[in-house]
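Student: To be precise about what I am sending: the file is called upload_29.pdb and holds PDB, C-alpha atoms and all ligand atoms.
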ATOM      1  CA  MET A  16      67.091  58.186  84.893
ATOM      2  CA  ASP A  17      63.883  58.312  86.911
ATOM      3  CA  TYR A  18      62.659  54.736  87.457
ATOM      4  CA  ALA A  19      59.697  55.630  89.689
ATOM      5  CA  GLY A  20      56.625  53.808  88.359
ATOM      6  CA  ARG A  21      58.603  52.087  85.582
ATOM      7  CA  VAL A  22      58.064  48.360  85.003
ATOM      8  CA  VAL A  23      61.232  46.293  85.457
ATOM      9  CA  VAL A  24      61.247  42.522  84.832
ATOM     10  CA  ILE A  25      64.202  40.652  86.354
ATOM     11  CA  THR A  26      64.869  36.969  85.712
ATOM     12  CA  GLY A  27      66.846  35.019  88.298
ATOM     13  CA  ALA A  28      65.579  37.387  90.987
ATOM     14  CA  SER A  29      65.461  34.802  93.795
ATOM     15  CA  SER A  30      69.183  35.028  94.526
ATOM     16  CA  GLY A  31      72.507  36.811  93.964
ATOM     17  CA  ILE A  32      72.817  39.481  91.275
ATOM     18  CA  GLY A  33      69.120  39.305  90.298
ATOM     19  CA  GLU A  34      67.873  39.639  93.869
ATOM     20  CA  GLN A  35      70.206  42.583  94.520
ATOM     21  CA  SER A  36      69.250  44.251  91.224
ATOM     22  CA  ALA A  37      65.588  43.943  92.259
ATOM     23  CA  GLU A  38      66.409  45.726  95.507
ATOM     24  CA  GLU A  39      68.292  48.533  93.711
ATOM     25  CA  PHE A  40      65.348  49.119  91.333
ATOM     26  CA  ALA A  41      62.860  48.928  94.235
ATOM     27  CA  LYS A  42      64.878  51.647  96.050
ATOM     28  CA  LEU A  43      64.300  53.795  92.954
ATOM     29  CA  ARG A  44      60.553  53.028  93.291
ATOM     30  CA  ALA A  45      60.282  51.020  90.083
ATOM     31  CA  ASN A  46      57.565  48.342  89.837
ATOM     32  CA  VAL A  47      59.638  45.194  90.065
ATOM     33  CA  ILE A  48      58.643  41.807  88.651
ATOM     34  CA  LEU A  49      60.637  38.978  90.190
ATOM     35  CA  VAL A  50      61.041  35.899  87.993
ATOM     36  CA  SER A  51      62.650  32.534  88.778
ATOM     37  CA  ARG A  52      61.571  28.910  89.242
ATOM     38  CA  ASN A  53      61.375  28.934  93.029
ATOM     39  CA  GLU A  54      58.206  30.779  94.081
ATOM     40  CA  GLU A  55      58.934  30.414  97.793
ATOM     41  CA  LYS A  56      62.308  32.135  97.459
ATOM     42  CA  LEU A  57      60.770  34.868  95.305
ATOM     43  CA  LYS A  58      58.144  35.494  98.013
ATOM     44  CA  GLU A  59      60.950  35.938 100.555
ATOM     45  CA  VAL A  60      62.550  38.528  98.265
ATOM     46  CA  GLU A  61      59.143  40.202  97.828
ATOM     47  CA  LYS A  62      58.825  40.419 101.619
ATOM     48  CA  LYS A  63      62.295  41.926 101.924
ATOM     49  CA  LEU A  64      61.430  44.567  99.334
ATOM     50  CA  SER A  65      58.095  45.530 100.944
ATOM     51  CA  LYS A  66      59.878  48.298 102.906
ATOM     52  CA  TYR A  67      60.451  50.235  99.672
ATOM     53  CA  LYS A  68      56.758  50.971  99.159
ATOM     54  CA  THR A  69      56.631  50.081  95.506
ATOM     55  CA  ASN A  70      54.819  47.314  93.638
ATOM     56  CA  VAL A  71      56.591  43.970  93.680
ATOM     57  CA  PHE A  72      55.109  41.098  91.680
ATOM     58  CA  VAL A  73      56.260  37.492  91.848
ATOM     59  CA  TYR A  74      56.104  35.242  88.802
ATOM     60  CA  ALA A  75      57.413  31.661  88.963
ATOM     61  CA  CYS A  76      58.713  30.593  85.571
ATOM     62  CA  ASP A  77      61.360  28.299  84.179
ATOM     63  CA  ILE A  78      62.823  30.516  81.465
ATOM     64  CA  SER A  79      64.264  27.532  79.618
ATOM     65  CA  LYS A  80      60.661  26.528  78.763
ATOM     66  CA  LYS A  81      59.358  28.519  75.793
ATOM     67  CA  ASN A  82      55.661  27.996  76.620
ATOM     68  CA  GLN A  83      56.096  29.173  80.208
ATOM     69  CA  VAL A  84      57.902  32.323  79.026
ATOM     70  CA  GLU A  85      55.198  33.101  76.449
ATOM     71  CA  THR A  86      52.473  32.817  79.108
ATOM     72  CA  MET A  87      54.532  34.966  81.491
ATOM     73  CA  GLY A  88      54.925  37.673  78.827
ATOM     74  CA  LYS A  89      51.161  37.795  78.184
ATOM     75  CA  ILE A  90      50.281  37.950  81.894
ATOM     76  CA  ILE A  91      52.826  40.663  82.711
ATOM     77  CA  ILE A  92      51.868  42.872  79.763
ATOM     78  CA  GLU A  93      48.171  42.397  80.559
ATOM     79  CA  LYS A  94      48.722  43.335  84.199
ATOM     80  CA  PHE A  95      51.140  46.257  83.787
ATOM     81  CA  GLY A  96      50.344  47.376  80.238
ATOM     82  CA  THR A  97      54.019  47.839  79.468
ATOM     83  CA  VAL A  98      57.580  46.796  80.210
ATOM     84  CA  ASP A  99      60.345  49.399  80.489
ATOM     85  CA  VAL A 100      63.351  47.294  81.494
ATOM     86  CA  LEU A 101      64.015  43.588  80.987
ATOM     87  CA  VAL A 102      66.974  42.188  82.912
ATOM     88  CA  ASN A 103      67.917  38.781  81.478
ATOM     89  CA  ASN A 104      69.953  37.557  84.417
ATOM     90  CA  ALA A 105      68.889  33.957  85.210
ATOM     91  CA  GLY A 106      71.689  31.520  84.573
ATOM     92  CA  PHE A 107      74.001  28.886  85.935
ATOM     93  CA  GLY A 108      77.263  27.124  85.182
ATOM     94  CA  ILE A 109      78.621  23.592  85.465
ATOM     95  CA  HIS A 110      82.352  23.055  85.938
ATOM     96  CA  ASN A 111      83.868  20.045  84.200
ATOM     97  CA  THR A 112      85.880  19.010  81.184
ATOM     98  CA  VAL A 113      84.006  18.633  77.901
ATOM     99  CA  ASN A 114      84.810  14.948  77.945
ATOM    100  CA  GLU A 115      83.234  14.431  81.366
ATOM    101  CA  THR A 116      80.254  16.765  81.058
ATOM    102  CA  LYS A 117      77.022  14.985  80.138
ATOM    103  CA  ILE A 118      75.399  16.175  76.940
ATOM    104  CA  GLU A 119      72.203  16.964  78.926
ATOM    105  CA  GLU A 120      74.239  19.234  81.229
ATOM    106  CA  MET A 121      75.625  21.061  78.201
ATOM    107  CA  GLU A 122      72.132  21.443  76.736
ATOM    108  CA  SER A 123      70.626  22.680  80.007
ATOM    109  CA  GLN A 124      73.144  25.541  80.308
ATOM    110  CA  MET A 125      72.431  26.598  76.746
ATOM    111  CA  MET A 126      68.658  26.306  77.300
ATOM    112  CA  THR A 127      68.645  28.584  80.344
ATOM    113  CA  ASN A 128      71.494  31.002  79.702
ATOM    114  CA  PHE A 129      71.009  31.532  75.979
ATOM    115  CA  PHE A 130      67.566  30.313  74.898
ATOM    116  CA  GLY A 131      65.969  31.651  78.102
ATOM    117  CA  THR A 132      67.390  35.091  77.287
ATOM    118  CA  MET A 133      66.142  34.813  73.723
ATOM    119  CA  TYR A 134      62.626  33.690  74.759
ATOM    120  CA  CYS A 135      62.255  36.563  77.243
ATOM    121  CA  THR A 136      63.571  39.064  74.695
ATOM    122  CA  LYS A 137      61.100  37.773  72.093
ATOM    123  CA  VAL A 138      58.093  38.188  74.406
ATOM    124  CA  PHE A 139      58.892  41.721  75.628
ATOM    125  CA  LEU A 140      60.658  43.329  72.654
ATOM    126  CA  PRO A 141      57.496  43.877  70.515
ATOM    127  CA  LYS A 142      55.918  45.986  73.294
ATOM    128  CA  MET A 143      59.125  48.029  73.698
ATOM    129  CA  LEU A 144      59.317  48.645  69.940
ATOM    130  CA  GLU A 145      55.632  49.591  69.830
ATOM    131  CA  GLN A 146      56.071  52.164  72.616
ATOM    132  CA  ARG A 147      59.459  53.239  71.164
ATOM    133  CA  SER A 148      61.140  52.982  74.559
ATOM    134  CA  GLY A 149      62.673  50.391  76.830
ATOM    135  CA  HIS A 150      65.969  48.744  77.605
ATOM    136  CA  ILE A 151      67.183  45.151  77.688
ATOM    137  CA  VAL A 152      70.032  44.323  80.072
ATOM    138  CA  ASN A 153      71.683  40.952  79.487
ATOM    139  CA  VAL A 154      73.851  39.672  82.319
ATOM    140  CA  ALA A 155      76.541  37.696  80.498
ATOM    141  CA  SER A 156      80.037  37.257  81.920
ATOM    142  CA  VAL A 157      83.683  37.772  81.102
ATOM    143  CA  ALA A 158      83.263  34.086  80.138
ATOM    144  CA  GLY A 159      81.322  35.505  77.173
ATOM    145  CA  SER A 160      84.597  36.853  75.752
ATOM    146  CA  ILE A 161      87.252  34.462  77.056
ATOM    147  CA  GLY A 162      87.009  30.678  76.666
ATOM    148  CA  LEU A 163      87.644  29.297  80.141
ATOM    149  CA  PRO A 164      88.700  25.659  80.395
ATOM    150  CA  GLY A 165      86.348  23.581  82.522
ATOM    151  CA  MET A 166      83.477  25.910  81.533
ATOM    152  CA  ALA A 167      83.125  25.205  77.794
ATOM    153  CA  SER A 168      79.334  24.951  77.595
ATOM    154  CA  TYR A 169      78.848  27.843  80.031
ATOM    155  CA  CYS A 170      81.219  29.979  77.915
ATOM    156  CA  ALA A 171      79.421  28.897  74.747
ATOM    157  CA  SER A 172      76.095  30.038  76.227
ATOM    158  CA  LYS A 173      77.539  33.423  77.219
ATOM    159  CA  PHE A 174      79.391  33.931  73.892
ATOM    160  CA  ALA A 175      76.031  33.211  72.224
ATOM    161  CA  MET A 176      74.300  35.704  74.508
ATOM    162  CA  PHE A 177      76.882  38.358  73.635
ATOM    163  CA  GLY A 178      76.654  37.726  69.879
ATOM    164  CA  PHE A 179      72.849  37.850  70.021
ATOM    165  CA  SER A 180      72.991  41.137  71.951
ATOM    166  CA  GLU A 181      75.557  42.719  69.629
ATOM    167  CA  SER A 182      73.489  41.836  66.546
ATOM    168  CA  LEU A 183      70.299  43.093  68.165
ATOM    169  CA  SER A 184      71.971  46.361  69.194
ATOM    170  CA  HIS A 185      72.496  47.202  65.494
ATOM    171  CA  GLU A 186      68.856  46.426  64.701
ATOM    172  CA  LEU A 187      67.647  48.633  67.545
ATOM    173  CA  LYS A 188      69.415  51.833  66.419
ATOM    174  CA  GLY A 189      66.855  54.604  66.077
ATOM    175  CA  THR A 190      63.982  52.592  67.593
ATOM    176  CA  GLY A 191      64.116  54.151  71.074
ATOM    177  CA  VAL A 192      64.935  50.728  72.553
ATOM    178  CA  GLY A 193      68.391  49.981  73.960
ATOM    179  CA  ILE A 194      70.378  46.889  74.863
ATOM    180  CA  THR A 195      73.398  46.590  77.136
ATOM    181  CA  VAL A 196      75.369  43.536  78.228
ATOM    182  CA  VAL A 197      76.760  43.469  81.769
ATOM    183  CA  SER A 198      79.844  41.226  81.938
ATOM    184  CA  PRO A 199      81.049  40.598  85.473
ATOM    185  CA  ILE A 200      83.842  38.359  86.718
ATOM    186  CA  MET A 201      83.710  36.308  89.956
ATOM    187  CA  VAL A 202      80.769  37.456  92.078
ATOM    188  CA  ARG A 203      80.037  36.184  95.609
ATOM    189  CA  THR A 204      76.702  34.441  94.996
ATOM    190  CA  ASN A 205      75.208  30.931  95.052
ATOM    191  CA  PHE A 206      76.529  30.406  91.513
ATOM    192  CA  PHE A 207      79.492  28.400  92.822
ATOM    193  CA  ASN A 208      77.324  26.174  95.064
ATOM    194  CA  HIS A 209      76.719  23.818  92.134
ATOM    195  CA  ALA A 210      78.170  20.415  93.062
ATOM    196  CA  SER A 211      80.401  20.431  89.971
ATOM    197  CA  PHE A 212      82.630  23.098  91.535
ATOM    198  CA  GLY A 213      83.639  20.498  94.149
ATOM    199  CA  LYS A 214      86.151  21.803  96.643
ATOM    200  CA  MET A 215      87.403  24.605  94.423
ATOM    201  CA  PRO A 216      87.895  27.841  96.373
ATOM    202  CA  ARG A 217      84.607  29.738  95.913
ATOM    203  CA  TYR A 218      85.855  33.292  96.116
ATOM    204  CA  SER A 219      89.064  35.243  96.072
ATOM    205  CA  ALA A 220      89.951  38.553  97.707
ATOM    206  CA  THR A 221      89.049  40.264  94.434
ATOM    207  CA  SER A 222      85.558  38.668  94.081
ATOM    208  CA  LEU A 223      82.801  41.222  93.603
ATOM    209  CA  SER A 224      79.731  41.736  95.768
ATOM    210  CA  SER A 225      76.353  41.282  94.076
ATOM    211  CA  LYS A 226      75.679  44.938  94.991
ATOM    212  CA  THR A 227      78.573  46.121  92.792
ATOM    213  CA  VAL A 228      77.145  44.169  89.859
ATOM    214  CA  ALA A 229      73.541  45.214  90.614
ATOM    215  CA  ASN A 230      74.642  48.870  90.495
ATOM    216  CA  ALA A 231      76.119  48.160  87.059
ATOM    217  CA  VAL A 232      72.795  46.568  86.013
ATOM    218  CA  VAL A 233      70.926  49.739  87.020
ATOM    219  CA  ARG A 234      73.480  51.879  85.141
ATOM    220  CA  ALA A 235      73.175  49.580  82.133
ATOM    221  CA  ALA A 236      69.390  50.066  81.998
ATOM    222  CA  SER A 237      69.866  53.607  80.669
ATOM    223  CA  SER A 238      73.259  53.230  79.017
ATOM    224  CA  PRO A 239      73.933  53.769  75.308
ATOM    225  CA  ARG A 240      76.874  51.333  75.564
ATOM    226  CA  LEU A 241      76.792  47.760  74.260
ATOM    227  CA  GLU A 242      78.815  46.305  77.138
ATOM    228  CA  ILE A 243      79.728  47.193  80.700
ATOM    229  CA  VAL A 244      82.525  45.005  82.087
ATOM    230  CA  VAL A 245      82.653  44.762  85.882
ATOM    231  CA  PRO A 246      85.219  45.653  87.146
ATOM    232  CA  GLN A 247      86.181  47.934  84.278
ATOM    233  CA  PHE A 248      89.899  47.080  84.210
ATOM    234  CA  VAL A 249      89.050  43.477  83.166
ATOM    235  CA  ARG A 250      88.171  44.918  79.750
ATOM    236  CA  PHE A 251      91.953  45.170  79.329
ATOM    237  CA  ALA A 252      92.309  41.384  79.895
ATOM    238  CA  ILE A 253      89.635  40.792  77.243
ATOM    239  CA  TRP A 254      91.496  43.108  74.864
ATOM    240  CA  ILE A 255      94.806  41.296  75.473
ATOM    241  CA  LYS A 256      93.165  37.893  74.922
ATOM    242  CA  GLN A 257      91.606  39.052  71.667
ATOM    243  CA  THR A 258      94.752  40.852  70.469
ATOM    244  CA  LEU A 259      97.580  38.694  71.835
ATOM    245  CA  PRO A 260      96.010  35.280  72.551
ATOM    246  CA  TYR A 261      99.409  33.537  72.566
ATOM    247  CA  LEU A 262     100.374  35.588  75.656
ATOM    248  CA  ILE A 263      97.235  35.051  77.735
ATOM    249  CA  ASN A 264      96.193  31.499  76.778
ATOM    250  CA  PRO A 265      99.120  29.746  78.540
ATOM    251  CA  ILE A 266      98.210  31.671  81.724
ATOM    252  CA  ILE A 267      94.546  30.591  81.452
ATOM    253  CA  GLY A 268      95.684  26.979  80.872
ATOM    254  CA  GLY A 269      97.838  27.115  84.022
ATOM    255  CA  ILE A 270      94.917  28.418  86.096
ATOM    256  CA  PHE A 271      92.776  25.552  84.760
ATOM    257  CA  ARG A 272      95.213  22.846  85.810
ATOM    258  CA  LYS A 273      95.422  24.414  89.275
ATOM    259  CA  SER A 274      91.613  24.671  89.576
ATOM    260  CA  MET A 275      91.049  21.045  88.494
ATOM    261  CA  LYS A 276      93.575  19.952  91.098
ATOM    262  CA  SER A 277      91.961  22.004  93.900
ATOM    263  CA  LYS A 278      88.558  20.507  92.963
ATOM    264  CA  MET A 279      89.888  17.010  93.725
ATOM    265  CA  ASP A 280      91.926  17.865  96.883
TER     266      ASP A 280
HETATM  267  N1  LIG B   1      78.564  34.645  90.257
HETATM  268  C1  LIG B   1      79.456  34.912  89.315
HETATM  269  O1  LIG B   1      80.683  34.845  89.541
HETATM  270  C2  LIG B   1      79.009  35.348  87.948
HETATM  271  C3  LIG B   1      79.980  35.916  87.097
HETATM  272  C4  LIG B   1      79.580  36.327  85.829
HETATM  273  C5  LIG B   1      78.269  36.191  85.415
HETATM  274  N2  LIG B   1      77.346  35.635  86.271
HETATM  275  C6  LIG B   1      75.963  35.484  85.779
HETATM  276  O2  LIG B   1      75.111  36.202  86.636
HETATM  277  C7  LIG B   1      73.791  35.661  86.542
HETATM  278  C8  LIG B   1      73.208  35.514  87.942
HETATM  279  O3  LIG B   1      73.961  34.549  88.653
HETATM  280  P1  LIG B   1      74.320  34.682  90.191
HETATM  281  O4  LIG B   1      75.797  34.766  90.292
HETATM  282  O5  LIG B   1      73.501  35.745  90.835
HETATM  283  O6  LIG B   1      73.915  33.223  90.676
HETATM  284  P2  LIG B   1      72.754  32.686  91.644
HETATM  285  O7  LIG B   1      72.822  33.377  92.946
HETATM  286  O8  LIG B   1      72.908  31.212  91.613
HETATM  287  O9  LIG B   1      71.411  33.106  90.897
HETATM  288  C9  LIG B   1      70.951  32.473  89.741
HETATM  289  C10 LIG B   1      69.489  32.825  89.537
HETATM  290  O10 LIG B   1      69.042  32.257  88.310
HETATM  291  C11 LIG B   1      67.797  31.617  88.536
HETATM  292  N3  LIG B   1      67.593  30.551  87.560
HETATM  293  C12 LIG B   1      68.427  29.531  87.233
HETATM  294  N4  LIG B   1      67.894  28.760  86.282
HETATM  295  C13 LIG B   1      66.673  29.291  85.991
HETATM  296  C14 LIG B   1      65.642  28.954  85.080
HETATM  297  N5  LIG B   1      65.731  27.880  84.273
HETATM  298  N6  LIG B   1      64.537  29.721  85.037
HETATM  299  C15 LIG B   1      64.419  30.813  85.832
HETATM  300  N7  LIG B   1      65.368  31.188  86.709
HETATM  301  C16 LIG B   1      66.479  30.442  86.784
HETATM  302  C17 LIG B   1      67.886  31.101  89.985
HETATM  303  O11 LIG B   1      66.598  30.983  90.564
HETATM  304  P3  LIG B   1      65.749  29.628  90.794
HETATM  305  O12 LIG B   1      66.697  28.572  91.260
HETATM  306  O13 LIG B   1      64.737  30.049  91.808
HETATM  307  O14 LIG B   1      65.136  29.332  89.471
HETATM  308  C18 LIG B   1      68.600  32.294  90.632
HETATM  309  O15 LIG B   1      67.653  33.281  90.979
HETATM  310  C19 LIG B   1      73.931  34.332  85.778
HETATM  311  O16 LIG B   1      73.500  34.502  84.459
HETATM  312  C20 LIG B   1      75.433  34.059  85.803
HETATM  313  O17 LIG B   1      75.846  33.328  84.677
HETATM  314  C21 LIG B   1      77.687  35.220  87.524
END
As a first step, turn the structure in this file into structure tokens.
Ligand SMILES: NC(=O)c1ccc[n+]([C@@H]2O[C@H](COP(=O)([O-])OP(=O)(O)OC[C@H]3O[C@@H](n4cnc5c(N)ncnc54)[C@H](OP(=O)(O)O)[C@@H]3O)[C@@H](O)[C@H]2O)c1
Tutor:
Amino acid sequence: MDYAGRVVVITGASSGIGEQSAEEFAKLRANVILVSRNEEKLKEVEKKLSKYKTNVFVYACDISKKNQVETMGKIIIEKFGTVDVLVNNAGFGIHNTVNETKIEEMESQMMTNFFGTMYCTKVFLPKMLEQRSGHIVNVASVAGSIGLPGMASYCASKFAMFGFSESLSHELKGTGVGITVVSPIMVRTNFFNHASFGKMPRYSATSLSSKTVANAVVRAASSPRLEIVVPQFVRFAIWIKQTLPYLINPIIGGIFRKSMKSKMD
């Protein structure tokens, strides 16, 4: 796919997977719109991308706020006239038991990870349908298919994101607009810097780089598939969990007890 001159909006572009995805699209000479709450960090990313000689536009927005997203949509469409790719990537997770997680913490994950995705989709989808082209890439997680203990509200937000995307994919058949979910597992980003992860080991030898996931995001932007799991073999774990839950659930439970212990140590 030739992305030169295309308009790509990326939420959560100030860090990690979003920042790296912005760089991969900039290398392909797409016009990249960087969205997150922290304007200063976005400007640093903009500076880093200036070597690619394409248009980079910074827009500070809290995607969990419907009004802010609506204004962002209007401004971006007014300025660029179109949107070709929307990458719904902004998100975060809080690690704790359901009993000890505050209700506001549960709500905030849902507001950003799920409602933020929905708000952004609602503001850009009409333009894509009108022009009969475009692609939505939703960065979910393997936690959108497997309920991980200690991450109940995060998982709920990603399950919701996946269900929303799957439903929408049926509606989009024949419209010229596509949707693909990218579901990674364990990526070396700032995601695990949230205080709730305590002293848990941040990464393992098998953790992915944000570049690996960003490459999947670029692939996803022209893919006819509903979901790309990164790395691919993890799709097998999802299949086992869905087909033989009694085999995999005791293993997940064991990992949870170990992780809660390492958080306290
Ligand atoms: N790291 C992993 O292991 C992993 C695995 C699977 C899926 N994911 C998913 O990948 C996505 C990107 O995460 P990451 O790993 O790259 O983490 P990250 O480095 O912490 O990046 C998260 C990004 O989301 C933005 N963000 C958070 N809340 C926002 C809000 N309300 N409005 C706008 N932007 C917001 C942050 O920017 P500001 O702070 O500037 O707003 C930041 O740019 C998330 O959806 C995450 O759930 C991550």
Student: Evaluate the PyMOL selection byres (((not hetatm)) within 6 of (chain B and resi 1)) on the structure here and hand back the selected residues as a PyMOL selection string.
Tutor: chain A and resi 26-33+51-53+76-79+104-107+127+154-156+199-206
Student: Identify which of the residues A:Pro239, A:Val233, A:Val152, A:Tyr134 lies closest to Ala41 of chain A, counting all atoms listed in the file when measuring atom-to-atom distances.
Tutor: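 Closest residue, counting all atoms listed in the file: A:Val233.
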Student: Within 9 Å of Phe129 of chain A, counting all atoms listed in the file, which residues qualify if same-chain residues fewer than 5 places away don't, as a list in words?
Tutor: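 Listed by chain and then number, they are Ser79, Gly106, Gln124, Tyr134, Ala171, Ser172, Lys173, Phe174, Ala175, Met176 and Phe179 of chain A.
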Student: At a cut-off of 10 Å, using all atoms listed in the file, what residues contact segment 143-151 of chain A? Leave out same-chain residues fewer than 2 positions from it and give the result as a count of residues only.
Tutor: 35
Student: Can you report as JSON the centre and edge lengths in Å, to one decimal, of an axis-aligned box around the listed atoms of segment 194-209 of chain A padded with 3 Å on each side?
Tutor:
{"center_x": 77.1, "center_y": 35.4, "center_z": 85.2, "size_x": 19.5, "size_y": 29.1, "size_z": 26.7}
Student: How would segment 97-122 of chain A look written as a PDB file, in the first residue's frame with C-alpha atoms?
Tutor:
ATOM      1  CA  THR A  97      -9.978  13.603   4.772  1.00  0.00           C
ATOM      2  CA  VAL A  98      -8.747  10.802   6.997  1.00  0.00           C
ATOM      3  CA  ASP A  99      -7.384   7.582   5.486  1.00  0.00           C
ATOM      4  CA  VAL A 100      -6.230   5.662   8.562  1.00  0.00           C
ATOM      5  CA  LEU A 101      -7.331   5.967  12.186  1.00  0.00           C
ATOM      6  CA  VAL A 102      -5.163   4.127  14.703  1.00  0.00           C
ATOM      7  CA  ASN A 103      -7.034   3.850  18.017  1.00  0.00           C
ATOM      8  CA  ASN A 104      -4.049   3.074  20.202  1.00  0.00           C
ATOM      9  CA  ALA A 105      -4.239   5.282  23.334  1.00  0.00           C
ATOM     10  CA  GLY A 106      -4.767   3.221  26.442  1.00  0.00           C
ATOM     11  CA  PHE A 107      -3.522   2.183  29.836  1.00  0.00           C
ATOM     12  CA  GLY A 108      -3.930  -0.526  32.446  1.00  0.00           C
ATOM     13  CA  ILE A 109      -4.096  -0.706  36.231  1.00  0.00           C
ATOM     14  CA  HIS A 110      -2.985  -3.879  38.003  1.00  0.00           C
ATOM     15  CA  ASN A 111      -4.947  -4.876  41.091  1.00  0.00           C
ATOM     16  CA  THR A 112      -7.631  -7.219  42.322  1.00  0.00           C
ATOM     17  CA  VAL A 113     -11.237  -6.229  41.646  1.00  0.00           C
ATOM     18  CA  ASN A 114     -11.775  -5.917  45.366  1.00  0.00           C
ATOM     19  CA  GLU A 115      -8.930  -3.432  45.782  1.00  0.00           C
ATOM     20  CA  THR A 116      -9.363  -1.420  42.591  1.00  0.00           C
ATOM     21  CA  LYS A 117     -11.269   1.832  43.096  1.00  0.00           C
ATOM     22  CA  ILE A 118     -14.423   2.169  41.042  1.00  0.00           C
ATOM     23  CA  GLU A 119     -13.019   5.410  39.525  1.00  0.00           C
ATOM     24  CA  GLU A 120      -9.935   3.481  38.353  1.00  0.00           C
ATOM     25  CA  MET A 121     -12.179   0.902  36.698  1.00  0.00           C
ATOM     26  CA  GLU A 122     -14.222   3.641  35.021  1.00  0.00           C
TER      27      GLU A 122
END
